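Enquirer: Just one file: final21.cif, with mmCIF, C-alpha atoms and all ligand atoms.
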data_data
loop_
_atom_site.label_atom_id
_atom_site.label_comp_id
_atom_site.auth_asym_id
_atom_site.auth_seq_id
_atom_site.Cartn_x
_atom_site.Cartn_y
_atom_site.Cartn_z
CA MET A 263 0.00 0.00 0.00
CA THR A 264 2.80 2.37 1.01
CA ASN A 265 4.65 1.42 -2.16
CA GLY A 266 1.45 2.06 -4.13
CA ILE A 267 1.14 5.57 -2.67
CA LYS A 268 4.85 6.17 -3.33
CA SER A 269 4.59 5.19 -6.99
CA LEU A 270 1.43 7.31 -7.31
CA GLY A 271 3.42 10.25 -5.93
CA VAL A 272 6.28 9.63 -8.36
CA LEU A 273 3.77 9.39 -11.23
CA LEU A 274 2.19 12.69 -10.16
CA LEU A 275 5.58 14.44 -10.02
CA LEU A 276 6.42 12.98 -13.42
CA CYS A 277 3.13 14.30 -14.84
CA ILE A 278 3.83 17.78 -13.41
CA ALA A 279 7.35 17.73 -14.92
CA VAL A 280 6.02 16.61 -18.32
CA ASN A 281 3.31 19.29 -18.18
CA ALA A 282 5.88 21.96 -17.26
CA GLN A 283 8.02 20.85 -20.18
CA ASP A 284 5.02 20.96 -22.55
CA GLU A 285 4.14 24.45 -21.30
CA ALA A 286 7.76 25.66 -21.76
CA GLN A 287 7.70 24.30 -25.34
CA ARG A 288 4.35 25.97 -26.00
CA LEU A 289 5.60 29.34 -24.72
CA LEU A 290 8.83 29.07 -26.74
CA GLN A 291 6.76 28.38 -29.84
CA LEU A 292 4.51 31.37 -29.07
CA TYR A 293 7.57 33.61 -28.61
CA LYS A 294 9.04 32.53 -31.94
CA GLU A 295 5.72 33.11 -33.73
CA LEU A 296 5.37 36.58 -32.22
CA HIS A 297 9.00 37.38 -33.03
CA ALA A 298 8.59 36.35 -36.68
CA ALA A 299 5.41 38.45 -37.11
CA PRO A 300 6.12 41.88 -35.57
CA GLU A 301 3.81 44.84 -36.13
CA LEU A 302 4.67 48.53 -35.84
CA SER A 303 3.12 50.88 -33.27
CA GLN A 304 -0.63 51.41 -33.86
CA GLN A 305 -0.64 48.52 -36.37
CA GLU A 306 -0.75 45.69 -33.77
CA GLU A 307 -4.01 44.25 -35.09
CA LYS A 308 -2.95 40.61 -35.56
CA THR A 309 -0.78 40.60 -32.42
CA ALA A 310 -3.70 41.91 -30.35
CA ALA A 311 -6.04 39.29 -31.84
CA ARG A 312 -3.50 36.57 -31.02
CA MET A 313 -3.20 37.81 -27.43
CA ALA A 314 -7.00 37.94 -27.06
CA GLN A 315 -7.17 34.36 -28.33
CA GLU A 316 -4.48 33.15 -25.87
CA PHE A 317 -6.09 34.79 -22.84
CA ARG A 318 -9.61 33.75 -23.86
CA ALA A 319 -8.45 30.14 -24.13
CA LEU A 320 -7.17 30.42 -20.54
CA GLY A 321 -10.62 31.55 -19.35
CA TYR A 322 -10.03 35.31 -19.05
CA SER A 323 -12.81 37.80 -20.00
CA ILE A 324 -11.56 39.85 -22.92
CA THR A 325 -12.22 43.46 -23.93
CA GLU A 326 -10.62 44.45 -27.22
CA LYS A 327 -9.81 47.70 -29.04
CA ILE A 328 -9.02 49.83 -25.98
CA GLY A 329 -7.09 52.91 -27.11
CA GLY A 330 -6.45 51.41 -30.54
CA HIS A 331 -5.40 47.76 -30.43
CA GLY A 332 -5.24 47.47 -26.62
CA VAL A 333 -6.64 44.33 -24.98
CA LEU A 334 -7.82 43.82 -21.39
CA ALA A 335 -7.88 40.29 -19.98
CA LEU A 336 -9.73 39.98 -16.67
CA LEU A 337 -9.84 37.10 -14.17
CA GLU A 338 -12.04 37.59 -11.10
CA ASN A 339 -11.26 35.11 -8.34
CA GLY A 340 -13.07 36.23 -5.21
CA PRO A 341 -12.57 39.18 -2.89
CA GLY A 342 -9.14 40.67 -2.38
CA PRO A 343 -6.53 42.96 -3.90
CA VAL A 344 -6.57 44.07 -7.53
CA LEU A 345 -3.46 43.51 -9.63
CA TRP A 346 -2.70 44.89 -13.10
CA ILE A 347 0.07 43.34 -15.20
CA ARG A 348 1.03 45.27 -18.31
CA ALA A 349 2.73 43.89 -21.41
CA ASP A 350 3.38 46.00 -24.51
CA MET A 351 2.90 44.61 -28.02
CA ASP A 352 4.49 46.85 -30.65
CA ALA A 353 7.72 46.38 -32.65
CA LEU A 354 10.20 48.80 -34.24
CA PRO A 355 11.13 49.91 -37.77
CA VAL A 356 14.42 47.97 -37.58
CA THR A 357 15.67 45.44 -40.14
CA GLU A 358 16.67 42.34 -38.20
CA GLU A 359 20.27 41.10 -38.44
CA THR A 360 20.34 38.48 -35.67
CA GLY A 361 20.51 35.48 -38.00
CA VAL A 362 18.27 33.41 -35.67
CA ALA A 363 16.01 30.85 -37.36
CA TRP A 364 12.89 32.74 -36.20
CA ALA A 365 14.12 36.15 -37.41
CA SER A 366 11.55 38.58 -38.80
CA LYS A 367 11.38 39.12 -42.54
CA VAL A 368 8.46 41.52 -42.22
CA ARG A 369 8.55 44.91 -43.92
CA ALA A 370 6.09 47.74 -43.30
CA ALA A 371 5.74 51.51 -43.26
CA SER A 372 4.53 53.55 -40.31
CA SER A 373 2.26 56.55 -40.87
CA ALA A 374 5.28 58.82 -40.23
CA GLY A 375 8.13 57.01 -41.96
CA PRO A 376 9.26 55.10 -45.06
CA GLU A 377 8.97 51.32 -45.48
CA SER A 378 11.59 49.33 -43.60
CA GLY A 379 12.15 46.01 -41.91
CA VAL A 380 10.14 45.45 -38.73
CA MET A 381 11.60 43.75 -35.66
CA HIS A 382 10.79 43.06 -32.03
CA ALA A 383 14.09 44.74 -31.16
CA CYS A 384 12.75 45.93 -27.78
CA GLY A 385 11.65 42.48 -26.62
CA HIS A 386 7.93 43.20 -26.43
CA ASP A 387 7.42 39.68 -27.85
CA MET A 388 9.12 38.40 -24.67
CA HIS A 389 6.86 40.60 -22.50
CA MET A 390 3.75 39.11 -24.16
CA THR A 391 5.03 35.53 -23.90
CA VAL A 392 5.85 35.95 -20.21
CA ALA A 393 2.40 37.50 -19.64
CA VAL A 394 0.71 34.46 -21.23
CA GLY A 395 2.90 32.08 -19.19
CA THR A 396 2.13 33.95 -15.97
CA ALA A 397 -1.58 34.08 -16.81
CA ALA A 398 -1.64 30.30 -17.30
CA LYS A 399 0.12 29.62 -13.97
CA LEU A 400 -2.28 31.93 -12.14
CA VAL A 401 -5.26 30.05 -13.60
CA ALA A 402 -3.72 26.72 -12.59
CA SER A 403 -3.20 27.97 -9.03
CA LYS A 404 -6.58 29.70 -8.59
CA ALA A 405 -7.26 27.70 -5.44
CA HIS A 406 -4.32 29.39 -3.70
CA TRP A 407 -5.09 33.06 -4.26
CA SER A 408 -8.00 35.45 -4.09
CA GLY A 409 -8.55 38.78 -5.78
CA THR A 410 -8.88 40.36 -9.21
CA LEU A 411 -6.26 40.06 -11.89
CA MET A 412 -6.12 42.10 -15.06
CA PHE A 413 -3.59 41.92 -17.87
CA LEU A 414 -3.19 45.07 -19.98
CA LEU A 415 -1.88 44.30 -23.46
CA GLN A 416 -0.75 47.72 -24.55
CA PRO A 417 -0.20 49.04 -28.07
CA ALA A 418 2.10 51.82 -29.30
CA GLU A 419 4.64 52.00 -26.46
CA GLU A 420 7.51 52.84 -28.80
CA ILE A 421 5.90 56.09 -29.92
CA GLY A 422 4.80 56.91 -26.37
CA VAL A 423 1.07 57.12 -27.05
CA GLY A 424 -0.34 53.65 -26.20
CA ALA A 425 -0.78 54.00 -22.42
CA LYS A 426 -2.17 57.50 -22.92
CA ALA A 427 -4.68 56.19 -25.48
CA MET A 428 -5.84 53.35 -23.21
CA LEU A 429 -6.38 55.79 -20.34
CA ALA A 430 -8.20 58.23 -22.65
CA ASP A 431 -10.43 55.35 -23.78
CA GLY A 432 -11.80 54.96 -20.25
CA LEU A 433 -9.41 52.36 -18.86
CA LEU A 434 -10.09 53.49 -15.29
CA LYS A 435 -13.85 53.10 -15.79
CA ARG A 436 -13.56 49.73 -17.51
CA ALA A 437 -11.09 48.21 -15.08
CA PRO A 438 -11.18 47.74 -11.29
CA LYS A 439 -8.83 50.16 -9.52
CA PRO A 440 -5.48 48.43 -8.92
CA ASP A 441 -3.58 48.11 -5.66
CA THR A 442 -0.46 46.97 -7.52
CA ILE A 443 0.72 47.55 -11.10
CA LEU A 444 3.48 45.37 -12.51
CA ALA A 445 5.47 45.20 -15.73
CA GLN A 446 8.81 43.90 -16.82
CA HIS A 447 11.25 44.90 -19.53
CA VAL A 448 13.92 42.84 -21.22
CA ASP A 449 17.50 43.79 -20.43
CA ALA A 450 20.18 43.37 -23.11
CA ALA A 451 23.07 43.71 -20.64
CA VAL A 452 22.08 41.17 -18.00
CA ALA A 453 22.42 37.36 -18.10
CA THR A 454 19.51 34.93 -18.32
CA GLY A 455 18.46 33.67 -14.91
CA GLN A 456 18.87 37.14 -13.45
CA VAL A 457 16.47 40.05 -12.99
CA SER A 458 17.05 43.56 -11.70
CA VAL A 459 15.05 45.93 -9.56
CA THR A 460 15.59 49.69 -9.43
CA PRO A 461 14.08 51.31 -6.35
CA GLY A 462 12.67 54.78 -7.11
CA PRO A 463 13.33 56.46 -10.49
CA ILE A 464 14.13 53.96 -13.25
CA PHE A 465 13.42 55.71 -16.57
CA ALA A 466 13.66 59.41 -17.45
CA CYS A 467 11.11 61.95 -18.59
CA VAL A 468 11.37 62.72 -22.29
CA ASP A 469 10.44 65.54 -24.67
CA SER A 470 10.59 65.57 -28.46
CA VAL A 471 11.55 68.97 -29.85
CA ASP A 472 11.61 70.27 -33.44
CA VAL A 473 13.88 73.19 -34.30
CA VAL A 474 13.51 74.79 -37.72
CA VAL A 475 16.47 77.07 -38.52
CA ARG A 476 15.62 79.59 -41.19
CA GLY A 477 18.15 81.33 -43.43
CA VAL A 478 18.19 83.37 -46.59
CA GLY A 479 18.90 81.16 -49.59
CA GLY A 480 21.31 81.93 -52.40
CA HIS A 481 24.21 80.71 -54.57
CA GLY A 482 26.90 78.66 -52.80
CA ALA A 483 29.56 80.82 -54.47
CA TYR A 484 28.17 84.07 -52.95
CA PRO A 485 27.67 83.32 -49.21
CA HIS A 486 27.91 87.05 -48.39
CA ARG A 487 24.61 87.62 -50.23
CA ALA A 488 22.85 84.85 -48.27
CA ARG A 489 22.37 83.78 -44.65
CA ASP A 490 23.46 80.16 -44.42
CA PRO A 491 21.11 78.05 -42.20
CA VAL A 492 23.50 75.04 -42.34
CA VAL A 493 26.30 76.95 -40.58
CA LEU A 494 23.76 78.34 -38.09
CA ALA A 495 22.39 74.87 -37.37
CA ALA A 496 25.92 73.51 -36.88
CA GLN A 497 26.63 76.22 -34.28
CA MET A 498 23.38 75.40 -32.50
CA VAL A 499 24.07 71.64 -32.38
CA LEU A 500 27.32 72.31 -30.52
CA ALA A 501 25.86 75.04 -28.31
CA PHE A 502 22.98 72.75 -27.26
CA GLN A 503 25.58 70.41 -25.73
CA THR A 504 26.69 73.16 -23.36
CA LEU A 505 23.21 73.11 -21.79
CA VAL A 506 24.15 69.77 -20.23
CA SER A 507 27.90 70.33 -19.73
CA ARG A 508 27.90 73.99 -18.58
CA GLU A 509 24.43 75.02 -17.38
CA ASN A 510 23.12 71.89 -15.69
CA SER A 511 24.40 70.56 -12.37
CA PRO A 512 26.68 67.57 -12.98
CA LEU A 513 24.65 65.79 -10.30
CA ASP A 514 21.38 66.08 -12.26
CA PRO A 515 21.15 63.56 -15.11
CA ALA A 516 20.32 65.22 -18.45
CA VAL A 517 20.63 64.43 -22.16
CA VAL A 518 20.16 66.60 -25.25
CA THR A 519 20.55 64.60 -28.48
CA VAL A 520 20.05 66.02 -31.96
CA GLY A 521 18.83 62.82 -33.58
CA SER A 522 17.96 64.17 -37.01
CA ILE A 523 19.17 67.09 -39.11
CA HIS A 524 18.10 67.83 -42.66
CA GLY A 525 18.70 70.85 -44.90
CA GLY A 526 19.65 71.89 -48.39
CA THR A 527 19.22 70.30 -51.77
CA LYS A 528 22.48 70.64 -53.72
CA HIS A 529 26.24 71.34 -53.45
CA ASN A 530 26.12 74.91 -54.68
CA VAL A 531 22.83 76.12 -53.25
CA ILE A 532 22.49 77.79 -49.86
CA GLY A 533 19.09 76.60 -48.68
CA GLU A 534 16.26 78.40 -46.92
CA GLU A 535 16.01 76.17 -43.85
CA VAL A 536 17.39 73.27 -41.78
CA LYS A 537 15.14 71.01 -39.71
CA MET A 538 16.40 69.35 -36.52
CA GLN A 539 14.71 66.80 -34.26
CA LEU A 540 15.90 66.56 -30.66
CA THR A 541 15.24 64.24 -27.75
CA VAL A 542 15.57 65.89 -24.34
CA ARG A 543 15.74 63.74 -21.20
CA CYS A 544 16.09 64.29 -17.46
CA TYR A 545 14.47 63.30 -14.15
CA ASP A 546 13.43 66.63 -12.74
CA GLU A 547 10.80 69.18 -13.82
CA ARG A 548 13.14 72.06 -12.94
CA VAL A 549 15.91 70.62 -15.15
CA ARG A 550 13.35 69.95 -17.90
CA LYS A 551 12.25 73.61 -17.95
CA GLN A 552 15.88 74.76 -17.96
CA LEU A 553 16.80 72.51 -20.92
CA LEU A 554 13.73 73.38 -23.01
CA GLY A 555 14.13 77.10 -22.27
CA GLY A 556 17.84 76.88 -23.08
CA ILE A 557 17.20 75.29 -26.48
CA LYS A 558 14.87 78.14 -27.44
CA ARG A 559 17.27 80.79 -26.11
CA ILE A 560 20.32 79.35 -27.93
CA ALA A 561 18.41 78.87 -31.18
CA GLU A 562 17.04 82.42 -31.23
CA HIS A 563 20.17 84.22 -30.09
CA THR A 564 22.53 82.26 -32.36
CA ALA A 565 20.34 83.39 -35.25
CA ARG A 566 20.34 87.00 -34.01
CA ALA A 567 24.14 86.90 -33.65
CA ALA A 568 24.32 85.86 -37.31
CA GLY A 569 22.23 88.88 -38.25
CA MET A 570 18.94 87.12 -38.93
CA PRO A 571 15.98 89.50 -38.83
CA GLU A 572 13.37 89.00 -36.09
CA ASP A 573 10.83 87.58 -38.54
CA ARG A 574 13.29 84.86 -39.68
CA LEU A 575 14.32 83.57 -36.24
CA PRO A 576 14.21 79.77 -35.72
CA THR A 577 10.99 78.13 -34.55
CA VAL A 578 11.16 75.74 -31.59
CA HIS A 579 8.25 73.34 -31.08
CA VAL A 580 7.89 70.93 -28.14
CA HIS A 581 5.55 68.04 -28.99
CA GLU A 582 3.58 68.21 -25.74
CA SER A 583 1.40 65.22 -26.73
CA GLU A 584 4.53 63.03 -26.90
CA SER A 585 6.03 64.24 -23.60
CA LEU A 586 6.39 61.51 -20.97
CA GLY A 587 7.00 61.83 -17.25
CA ALA A 588 9.70 59.86 -15.44
CA LEU A 589 8.95 56.27 -14.41
CA VAL A 590 9.37 55.89 -10.66
CA ASN A 591 9.14 52.49 -8.98
CA THR A 592 7.52 52.68 -5.53
CA PRO A 593 10.69 52.47 -3.37
CA GLU A 594 9.35 50.44 -0.40
CA TYR A 595 7.55 48.05 -2.72
CA ALA A 596 10.72 47.63 -4.83
CA ALA A 597 12.59 46.61 -1.66
CA HIS A 598 9.86 44.09 -0.81
CA ALA A 599 9.75 42.76 -4.40
CA THR A 600 13.53 42.19 -4.29
CA LYS A 601 13.01 39.76 -1.38
CA VAL A 602 10.08 38.02 -3.10
CA LEU A 603 12.14 37.55 -6.28
CA ALA A 604 15.19 36.31 -4.37
CA ALA A 605 13.03 33.67 -2.67
CA ALA A 606 11.41 32.58 -5.96
CA LEU A 607 14.34 32.39 -8.39
CA PRO A 608 16.55 29.28 -8.43
CA GLY A 609 19.70 31.43 -8.10
CA GLY A 610 18.39 33.12 -4.92
CA ALA A 611 19.52 36.60 -3.89
CA ALA A 612 22.44 36.48 -6.36
CA SER A 613 19.92 36.51 -9.24
CA VAL A 614 18.31 39.80 -8.20
CA LEU A 615 20.51 42.74 -9.15
CA CYS A 616 19.99 46.35 -8.16
CA ARG A 617 20.40 48.39 -11.37
CA ALA A 618 20.93 52.13 -11.62
CA PRO A 619 18.31 54.28 -13.39
CA GLU A 620 18.72 54.97 -17.12
CA MET A 621 17.82 57.76 -19.54
CA GLY A 622 15.42 55.61 -21.56
CA ALA A 623 11.71 56.38 -21.24
CA GLU A 624 8.59 54.25 -20.72
CA ASP A 625 4.93 55.17 -20.97
CA PHE A 626 4.19 52.56 -18.27
CA ALA A 627 4.78 55.59 -16.01
CA LEU A 628 1.34 56.91 -17.00
CA PHE A 629 -0.54 54.04 -15.34
CA GLY A 630 1.19 54.90 -12.08
CA GLN A 631 0.37 58.58 -12.47
CA ALA A 632 -3.29 57.71 -13.24
CA VAL A 633 -3.65 55.63 -10.03
CA ALA A 634 -1.35 57.40 -7.59
CA SER A 635 -2.46 55.16 -4.68
CA ALA A 636 -1.18 52.00 -6.40
CA ARG A 637 2.23 50.42 -5.85
CA LEU A 638 4.10 50.35 -9.15
CA LEU A 639 7.06 48.28 -10.27
CA MET A 640 8.81 47.58 -13.54
CA PHE A 641 11.60 45.06 -13.12
CA ARG A 642 14.11 44.08 -15.78
CA LEU A 643 14.68 40.60 -17.14
CA GLY A 644 18.13 39.33 -18.16
CA THR A 645 18.07 37.80 -21.64
CA ILE A 646 21.70 37.22 -22.67
CA PRO A 647 23.65 33.93 -22.30
CA PRO A 648 25.83 34.32 -19.16
CA ALA A 649 29.04 33.48 -21.06
CA ARG A 650 28.44 36.37 -23.48
CA VAL A 651 27.82 38.83 -20.65
CA ALA A 652 31.00 37.66 -18.90
CA ALA A 653 33.01 37.97 -22.14
CA ALA A 654 31.70 41.52 -22.76
CA GLU A 655 32.59 42.53 -19.19
CA GLN A 656 36.15 41.29 -19.80
CA GLY A 657 36.58 43.43 -22.92
CA GLY A 658 35.19 40.89 -25.41
CA PRO A 659 32.59 41.62 -28.11
CA PRO A 660 30.21 44.34 -26.88
CA LEU A 661 26.57 43.37 -26.34
CA PRO A 662 24.05 44.91 -28.76
CA SER A 663 21.60 47.14 -26.87
CA ILE A 664 17.83 46.90 -27.14
CA HIS A 665 16.61 48.52 -30.39
CA SER A 666 19.71 47.10 -32.13
CA PRO A 667 19.11 44.93 -35.24
CA ARG A 668 21.51 42.43 -33.60
CA TYR A 669 19.77 42.14 -30.21
CA ALA A 670 18.99 38.42 -29.87
CA PRO A 671 17.62 37.30 -26.50
CA ASP A 672 18.08 33.65 -25.53
CA PRO A 673 14.37 32.83 -25.43
CA ALA A 674 13.89 29.62 -23.41
CA PRO A 675 15.76 30.60 -20.21
CA SER A 676 14.50 34.22 -20.47
CA ILE A 677 10.87 33.05 -20.63
CA ALA A 678 11.41 30.62 -17.73
CA THR A 679 12.89 33.32 -15.47
CA GLY A 680 10.36 35.93 -16.59
CA VAL A 681 7.40 33.68 -15.75
CA THR A 682 8.87 32.56 -12.41
CA ALA A 683 9.55 36.18 -11.43
CA MET A 684 6.21 37.64 -12.55
CA TYR A 685 4.23 34.73 -11.07
CA ALA A 686 5.97 35.13 -7.69
CA LEU A 687 5.25 38.89 -7.61
CA ALA A 688 1.64 38.31 -8.70
CA LEU A 689 0.97 35.68 -6.01
CA ASP A 690 2.53 38.00 -3.43
CA ALA A 691 0.37 40.94 -4.56
CA LEU A 692 -2.90 38.97 -4.59
CA GLY A 693 -4.74 37.72 -1.48
CA LYS A 694 -4.04 34.31 0.03
CA ARG A 695 -6.67 31.59 0.44
ZN ZN A 701 11.83 50.27 -27.03
ZN ZN A 702 10.39 48.43 -24.82
#
I'd like the structure from this file rewritten - as C-alpha cells, please.
Ligand SMILES: [Zn+2]
Ligand SMILES: [Zn+2]

Expert:
Amino acid sequence: MTNGIKSLGVLLLLCIAVNAQDEAQRLLQLYKELHAAPELSQQEEKTAARMAQEFRALGYSITEKIGGHGVLALLENGPGPVLWIRADMDALPVTEETGVAWASKVRAASSAGPESGVMHACGHDMHMTVAVGTAAKLVASKAHWSGTLMFLLQPAEEIGVGAKAMLADGLLKRAPKPDTILAQHVDAAVATGQVSVTPGPIFACVDSVDVVVRGVGGHGAYPHRARDPVVLAAQMVLAFQTLVSRENSPLDPAVVTVGSIHGGTKHNVIGEEVKMQLTVRCYDERVRKQLLGGIKRIAEHTARAAGMPEDRLPTVHVHESESLGALVNTPEYAAHATKVLAAALPGGAASVLCRAPEMGAEDFALFGQAVASARLLMFRLGTIPPARVAAAEQGGPPLPSIHSPRYAPDPAPSIATGVTAMYALALDALGKR
C-alpha cells in the first residue's frame, strides 16, 4: 500500500514535470511566432487578436480595441486585492540582423516614416510571452489566491502614445482600480536567470523637440549675399551640448541629443532652412524647464548673432502630446519585491541585481500617475547567455543594446525566469486563500 502511494506520488511528479516541459515548449513556440510576425506601433491588429485568443483560451474575460489595439484580460477570483500586469505589443522599424532561425522578414511603413524592416528589437514579444505564461500559472493555481487580476496588453509604447490612449479610452472606468501595477522589460546587458530591480526612479522623462532654422537662400559661391542656415544649425548643435555640460548641475542627469538634421538640396545652393529633431531627457521638472528654455534661447540668439531678422528667427516646437514623465518604482515596494524575487528564483539573492536608473523612457509611467495610490514596479529581465555577458565585461565583443538589429535574447531561459519572477510577484500581490 505504502509502495502504491509512493509510486502514485512519483507518477504525479512525473506528470507535473512533463506538463511543465510541454508548457515551456508551448511558450517558446509562441515567442518565436510573435517574433517572426512583428507589427509597428498602432498597427498591432494581428498581435492583439492573437493575445485575445491566448487569454480567452485560458478563461479570461476579454475586452478588445481599448485605445487602438489594446486588450484587457480579466480574471475575477473572489474578494481581495486588484493587480494589473502590463505587457506591450508593438515592434520597431528595424531590419533584423540576428541570423536566428525565427528572425523577422516583415517589412512595413509607419504613418510617419518610409517602409523598412520590422523587428521586435525591444523584446515586447518576450513581455507578451511571459504575460501568457504567468496568466496560465495563475489560472492553474486559482485555489491558492484570491482577488482580481487584469492583464493590460498595450499598443504603441515605442511612440509613447499607447498607455495615454488606453487611459483616454476609459481604462479606469472599464477596469477595477489596482492596488499593484506590474510590468517587466527585457535587459540586453544582464544574463539569463537574473532580474534587476531599481528602487525609485528607473526611466527618465522625455520631450521631443523640433527646431527649424531659417536662413536666406542663395548661390553657394556668394555666401555674403545669403544667410546660411546650415552653418547656423551647426553652431546650434554644438551650443545645445553646453546646456548639459555647462548650465546643468553635474549631479542632475540630463541628455540633449540632436537625432535628425536635414537641410539643403544641392552642393552649390544655400538653402532656406534646416530642420532638426531633438530628444531631451532628465528626471526633474526644474531641469526639464531649464533645458527646453535653453534650447529656445540658444536657437534664437545664435540666429540674431548671425544677423537674422526678427521675422526669420528659428521656430522651436515641443511636442507636448509626446512628452512623458519619469517612471518611478515605488521604493518600499521595490525593496519588498527584491526579497520576493530572491526567494522565488533558483539562483536566490544572487539573481536579483539592483540596477541604476537609465535615460530611456517608458509610458508605463502613465498608469502609475493615473492611479497614484497603487504600488508600481517595472523590473528588468536578463536575456543574454551568461558566457556572453562575462566575455563583454572582460573586454570581449560588446553586447548589442535593445533597439539594435543584432539584439537576440536567448528565449527559453528568459521566458522561464520571466514567468517565475512575474508569477511570484503576482501571487505575493494577490490575497491568500
Ligand atoms: Zn523600445
Ligand atoms: Zn520596450

Enquirer: Just want the residues within 7 Å of ligand ZN 702 (chain A), written as a list in words, counting only C-alpha atoms and all ligand atoms.

Expert: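 If we count only C-alpha atoms and all ligand atoms, the neighbours of ligand ZN 702 (chain A) turn out to be Cys384, Gly385, His386, Glu419, Glu420 and His447 of chain A.
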
Enquirer: Write as a ChimeraX atom specification the residues around ligand ZN 701 (chain A), taking 12 Å as the cut-off and counting only C-alpha atoms and all ligand atoms.

Expert: /A:302-303,350-356,381-387,389,418-422,447-450,465,622-626,663-666,669

Enquirer: In terms of the shortest atom-to-atom distance over all atoms listed in the file, which of A:Ala683, A:Ala674, A:Val468, A:Leu444 is closest to Glu584 (chain A)?

Expert: A:Val468

Enquirer: Looking at A:Thr600, A:Thr682, A:Asn281, A:Thr391, which one is nearest to Ser458 (chain A), with distances taken over only C-alpha atoms?

Expert: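 That would be A:Thr600, the residue with the smallest distance to Ser458 (chain A).
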
Enquirer: For CA of Thr357 (chain A) and CA of Glu301 (chain A), quote the distance in Å rounded to one decimal.

Expert: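 Computing the Euclidean distance for CA of Thr357 (chain A) and CA of Glu301 (chain A) yields 12.5 Å.
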
Enquirer: Using all atoms listed in the file, can you tell me which of A:Ala402, A:Ala599, A:Ala686, A:Ile443 comes closest to Ala634 (chain A)?

Expert: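 Ranked by minimum distance to Ala634 (chain A), first place goes to A:Ile443.
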
Enquirer: Skipping near chain neighbours, those fewer than 3 positions away, what residues fall within 12 Å of Leu434 (chain A) using all atoms listed in the file, listed as a list of chain:residue names?

Expert: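 Once the adjacent positions are removed, what remains is A:Ile328, A:Leu334, A:Trp346, A:Leu414, A:Ala425, A:Lys426, A:Ala427, A:Met428, A:Leu429, A:Ala430, A:Asp431, A:Ala437, A:Pro438, A:Lys439, A:Pro440, A:Phe629, A:Gly630, A:Gln631, A:Ala632, A:Val633.
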
Enquirer: Pick out the residues sitting within 9 Å of region 552-554 of chain A, and hand them over as a PDB file with C-alpha atoms, in the coordinates of the input; count only C-alpha atoms, and ignore anything fewer than 5 positions along from it in its own chain.

Expert:
ATOM      1  CA  ASP A 469      10.440  65.540 -24.670  1.00  0.00           C
ATOM      2  CA  VAL A 471      11.550  68.970 -29.850  1.00  0.00           C
ATOM      3  CA  PHE A 502      22.980  72.750 -27.260  1.00  0.00           C
ATOM      4  CA  LEU A 505      23.210  73.110 -21.790  1.00  0.00           C
ATOM      5  CA  VAL A 506      24.150  69.770 -20.230  1.00  0.00           C
ATOM      6  CA  GLU A 509      24.430  75.020 -17.380  1.00  0.00           C
ATOM      7  CA  ASN A 510      23.120  71.890 -15.690  1.00  0.00           C
ATOM      8  CA  ALA A 516      20.320  65.220 -18.450  1.00  0.00           C
ATOM      9  CA  VAL A 518      20.160  66.600 -25.250  1.00  0.00           C
ATOM     10  CA  VAL A 542      15.570  65.890 -24.340  1.00  0.00           C
ATOM     11  CA  ARG A 543      15.740  63.740 -21.200  1.00  0.00           C
ATOM     12  CA  CYS A 544      16.090  64.290 -17.460  1.00  0.00           C
ATOM     13  CA  GLU A 547      10.800  69.180 -13.820  1.00  0.00           C
ATOM     14  CA  ARG A 559      17.270  80.790 -26.110  1.00  0.00           C
ATOM     15  CA  VAL A 580       7.890  70.930 -28.140  1.00  0.00           C
TER      16      VAL A 580
END

Enquirer: Work out where the centre of an axis-aligned box around every listed atom of region 393-401 of chain A lies and how long its edges are once 6 Å is added on each side; give both in Å to one decimal as AutoDock Vina command-line options.

Expert:
--center_x -1.2 --center_y 33.6 --center_z -16.7 --size_x 20.2 --size_y 19.9 --size_z 21.1

Enquirer: What's the 7 Å shell around Val492 (chain A), counting only C-alpha atoms, without same-chain residues fewer than 2 positions away, as an MDAnalysis selection string?

Expert: chainID A and resid 490 494:496 525 536

Enquirer: Could you name the residues that touch His331 (chain A) at 7 Å or less, counting all atoms listed in the file, but leaving out those on the same chain fewer than 3 positions away, as a PyMOL selection string?

Expert: chain A and resi 304+306-307+310+326-328+417

Enquirer: So what do you get for CA of Val368 (chain A) versus CA of Gln305 (chain A), distance-wise?

Expert: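 Atom-to-atom, CA of Val368 (chain A) and CA of Gln305 (chain A) are spaced 12.9 Å apart.
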
Enquirer: Mind giving me the straight-line distance from CA of Arg617 (chain A) to CA of Thr460 (chain A) in Å, one decimal?

Expert: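 Interatomic distance here is 5.3 Å.
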
Enquirer: Please determine, counting only C-alpha atoms, which residue among A:Pro463, A:Arg548, A:Pro667, A:Leu643 has the shortest atom-to-atom distance to Glu620 (chain A).

Expert: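 Between A:Pro463, A:Arg548, A:Pro667, A:Leu643, the residue approaching Glu620 (chain A) most closely is A:Pro463.
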
Enquirer: Identify which of the residues A:Glu377, A:Arg668, A:Pro675, A:Arg348 lies closest to Val362 (chain A), counting all atoms listed in the file when measuring atom-to-atom distances.

Expert: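 When distances to Val362 (chain A) are compared using all atoms listed in the file, the smallest one comes from A:Arg668.
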
Enquirer: Ala649 (chain A): which residues within 12 Å, counting all atoms listed in the file, same-chain residues fewer than 2 positions away excluded, as a PyMOL selection string?

Expert: chain A and resi 451-454+645-647+651-656+658-659+661+672

Enquirer: Anything within 9 Å of (-3.6, 26.4, -1.5): list those residues as a list in words, counting all atoms listed in the file and sticking to the file's coordinates.

Expert: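 Answer for this query, in the requested form: Ser403, Lys404, Ala405, His406, Trp407, Lys694 and Arg695 of chain A.
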
Enquirer: Every residue with an atom at most 9 Å from (20.7, 81.0, -41.7) (file coordinates; all atoms listed in the file) is what I'm after, so could you write them as JSON, numbers by chain?

Expert: {"A": [475, 476, 477, 478, 479, 488, 489, 490, 491, 492, 493, 494, 495, 532, 533, 534, 535, 536, 565, 568, 569, 570, 574, 575, 576]}
